[in-house]
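Peer 1: Take a look at the following structure, please.
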Amino acid sequence: MTRIATAVRHDMSRRAFRASCGVIVLLYLGLGLFYSRTLISWDDESSFLALGEMAITGQVALFQDEMTGQRMPLPFYVLGASQIVFGRNLWVARLVSLALGVGVLAVTVAVARLLGGDRAGVLAGLLVATQGAVVGYYATATYQSLTALILMAAVWVMLKDTLPWRAALGMAAASLLFLTRTNLFPALPFFFVWALWLSRSAGERAAVVVAAGILPAAFFLSDPTHLKLLAHVPVLRRFVAPLGYRSILEFSAVREADLDDQLWAVLLFARRYESWAVAGAGVAAGAALVARRHGIRPVLAWPRELWILTSLWVWLLLWHFVMWRVNFKIVAAYFPSFAPLLAVMLGVGFAALLRRDDLGRLGRGVALATLAVALTVSVGFVRHPLMPRPIPVPFFGDSIQQVDRAARDLGALVPAGSPVFLFAQPMPAYLARVRPYLQQIMSPGGTLAPDSVDPTVARRNGVWGIADVDRWLGREAAFAIIAPHFLVALSDARPESVQRMRELLTERFERIGRIGGGVFPPSDVYRRIRS
């Protein structure tokens, strides 16, 4: 790789490269700050902030009963720490995630630069900074930017052939993915094989084995409740079934898609990330013109390391389609965790095409035109699913302002620390410091189990059902926060539980106000009048 890349690594002046990197960061921060204010909050954010803060302060263990047990701890600790340091604040947590995304940009540029020179690095960085859906996910209080940073940092270490023991160091960096997100678990065996292949001595191979195994071993040995994670792993789930552990998918209301829906989901995936779809088409068209003139050999003459990165990206993408085979539509939400790999491939591809003197006027025109579209279309046309319509002006009635207002209104209706039954978006409850039941913090609708589920099994796996509705709404909760659209959305999938909620609210509660509205879905607030 060094011989191939050195010739093109400095194909820009140092000043031009640094200025380009500055522009990339400014573009990213401008778009990211806009998204951080305007995107609607959803259950993932409230669960990372609320449960993260509780986990750090010792109030909960992330794999205890009442927890679903499919999410790894590192994002909870990182985002929860932001709330302890700066106070409960959604925007602060989003800014922390956005700042981690700056690191993703830096490592993406560095990786592409190693493989294809300065121009490839700049193009890869620009493709990330202008991809609205990717930046939007990095600007929310979730795991996406943290996971992408760890993944790309591990790739950079593995590619940096001047580093001593890079295979062991790269495997150690990649092993952090184990603590970050289960959907990135397939990356671990890929890195393991790659690291063994790169190892230069028996000692380094032994270090790779240790680096690959030490975090998983420590995780499972530190707490027996961590075995709950295995319920979400094919084949291994049978070993923890006798303990009462089940996958969250067994309780999910996600509709299984038919063939037409699956094909449409693939098209929607390409549309959400349309700037990169256009870029990929441009690189493919340019490569086809080169192959037509000179044969396939020049097209295949990529650095070996770029083929490895391409294989890693394809490996992860295919695994996501396998994991979410029930509905391919969900894959698009997980893609940003490993999306920078594609940006590297596209950046190196464009740089290689534009360096060719024999590309021809048509090929150069196609490459430049598709690149121009790729760097602008996802800035001008917002494809993020959480973007409200019409799009609010940041700091003037945006989503952050509205969720803060909902929290203040809730705080005026419900005293802090009060136990509440929550069947609504959890963020206002978290910011207002009221106390929902643990099973409802993660996702009140997503953790409502089928009506037939045994209450003991439900509690063991962090979900809740009609027995909990009777206990919480029937006797315990002093207040209830109910989103009418939640009741409508789940009335077909969970008819008995939803009907029982309606009955108990009518019999034993009075409506005392409404919070939300506008881009933030409204919720009704109830107070108990009798048990």
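Letters A, B, ... go to the chains of the structure tokens in the order shown; residues in each chain start at 1; ligands are counted from 1 in the same order.
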Just want the 6 Å neighbourhood of A:Ala480, counted on only C-alpha atoms, with same-chain residues fewer than 4 positions away dropped. Output as a list in words.
Peer 2: Val420, Phe421, Leu422, Val525 and Tyr526 of chain A
Peer 1: Please, could you write that set of residues out with C-alpha atoms as a CSV table (one decimal), in the first residue's frame?
Peer 2:
chain,number,residue,atom,x,y,z
A,420,VAL,CA,-46.1,8.0,36.4
A,421,PHE,CA,-47.5,5.6,33.9
A,422,LEU,CA,-45.9,6.6,30.6
A,525,VAL,CA,-51.6,14.3,31.4
A,526,TYR,CA,-53.9,12.5,33.9
Peer 1: Quick one: residues within 12 Å of stretch 360-368 of chain A, only C-alpha atoms, excluding same-chain residues fewer than 5 positions away - as number ranges by chain?
Peer 2: A: 123, 278-294, 346-347, 349-355, 373-375
Peer 1: Kindly indicate which residue among A:Val314, A:Ala154, A:Ile529, A:Val519 lies nearest to A:Ser41, using only C-alpha atoms for the distances.
Peer 2: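 Nearest to A:Ser41: A:Val519.
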Peer 1: Name the residues in contact with A:Val208 at a cut-off of 7 Å, using only C-alpha atoms, excluding same-chain residues fewer than 5 positions from it; report them as number ranges by chain.
Peer 2: A: 167-168, 171, 195-196
Peer 1: Please produce a file of those selected residues containing all heavy atoms, as a CSV table (one decimal), in the first residue's frame.
Peer 2:
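As a result, out.csv now contains:
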chain,number,residue,atom,x,y,z
A,167,ALA,N,-1.5,-4.7,14.0
A,167,ALA,CA,-2.6,-5.7,14.0
A,167,ALA,C,-3.2,-5.8,15.4
A,167,ALA,O,-4.4,-5.8,15.5
A,167,ALA,CB,-2.1,-7.0,13.5
A,168,ALA,N,-2.4,-5.9,16.4
A,168,ALA,CA,-2.9,-6.0,17.8
A,168,ALA,C,-3.6,-4.8,18.2
A,168,ALA,O,-4.6,-4.8,18.9
A,168,ALA,CB,-1.7,-6.4,18.7
A,171,MET,N,-6.9,-4.5,16.4
A,171,MET,CA,-7.9,-5.4,17.0
A,171,MET,C,-8.4,-4.9,18.4
A,171,MET,O,-9.6,-5.0,18.7
A,171,MET,CB,-7.3,-6.8,17.2
A,171,MET,CG,-8.3,-7.9,17.6
A,171,MET,SD,-9.5,-8.2,16.3
A,171,MET,CE,-11.0,-7.8,17.1
A,195,ALA,N,-6.6,-9.0,11.3
A,195,ALA,CA,-5.5,-8.8,12.2
A,195,ALA,C,-4.5,-10.0,12.2
A,195,ALA,O,-3.3,-9.8,12.2
A,195,ALA,CB,-6.0,-8.5,13.6
A,196,LEU,N,-5.0,-11.2,12.2
A,196,LEU,CA,-4.2,-12.3,12.2
A,196,LEU,C,-3.4,-12.4,10.9
A,196,LEU,O,-2.2,-12.7,10.8
A,196,LEU,CB,-5.0,-13.6,12.3
A,196,LEU,CG,-5.6,-13.9,13.7
A,196,LEU,CD1,-6.4,-15.2,13.6
A,196,LEU,CD2,-4.5,-14.0,14.7
Peer 1: Between atom CA of A:Phe191 and atom CA of A:Val109, what is the spacing in Å?
Peer 2: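 Computing the Euclidean distance for atom CA of A:Val109 and atom CA of A:Phe191 yields 20.5 Å.
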Peer 1: Name the residues in contact with A:Phe335 at a cut-off of 9 Å, using only C-alpha atoms, excluding same-chain residues fewer than 4 positions from it; report them as a list in words.
Peer 2: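 The neighbour list is Val134, Gln144, Leu317, His320, Val331 and Ala339 of chain A.
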Peer 1: Quote the spacing between atom CA of A:Ile150 and atom CA of A:Leu184 in Å to one decimal place.
Peer 2: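 Going from atom CA of A:Ile150 over to atom CA of A:Leu184, I get 10.7 Å.
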Peer 1: Where does stretch 230-288 of chain A meet stretch 218-225 of chain A within 12 Å, residue by residue, with the nearest atom pair and distance in Å to one decimal for each, counting only C-alpha atoms, listed by chain and rising number, as CSV?
Peer 2:
residue,atom,partner,partner_atom,distance
A:Leu230,CA,A:Phe220,CA,10.0
A:Ala231,CA,A:Thr225,CA,11.4
A:Val240,CA,A:Thr225,CA,10.5
A:Leu243,CA,A:Thr225,CA,9.9
A:Gly244,CA,A:Thr225,CA,11.4
A:Tyr245,CA,A:Thr225,CA,9.9
Peer 1: Using only C-alpha atoms for the distances, tell me which of A:Lys160, A:Arg166, A:Arg405, A:His226 is nearest to A:Glu204.
Peer 2: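 Residue with the minimum atom-to-atom distance to A:Glu204: A:Arg166.
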Peer 1: Nearest to A:Gly87 among A:Arg433, A:Arg325, A:Pro73, A:Asp260, with distances taken over only C-alpha atoms: which residue is it?
Peer 2: A:Arg433
Peer 1: Going by DSSP on the backbone, which bits of stretch 202-263 of chain A are helix (DSSP H, G or I)? Write them as a ChimeraX atom specification, please.
Peer 2: /A:202-222,224-232,237-243,248-251,259-263
Peer 1: Between atom CA of A:Ala412 and atom CA of A:Ser443, measure the distance and give it in Å to one decimal.
Peer 2: 23.8 Å
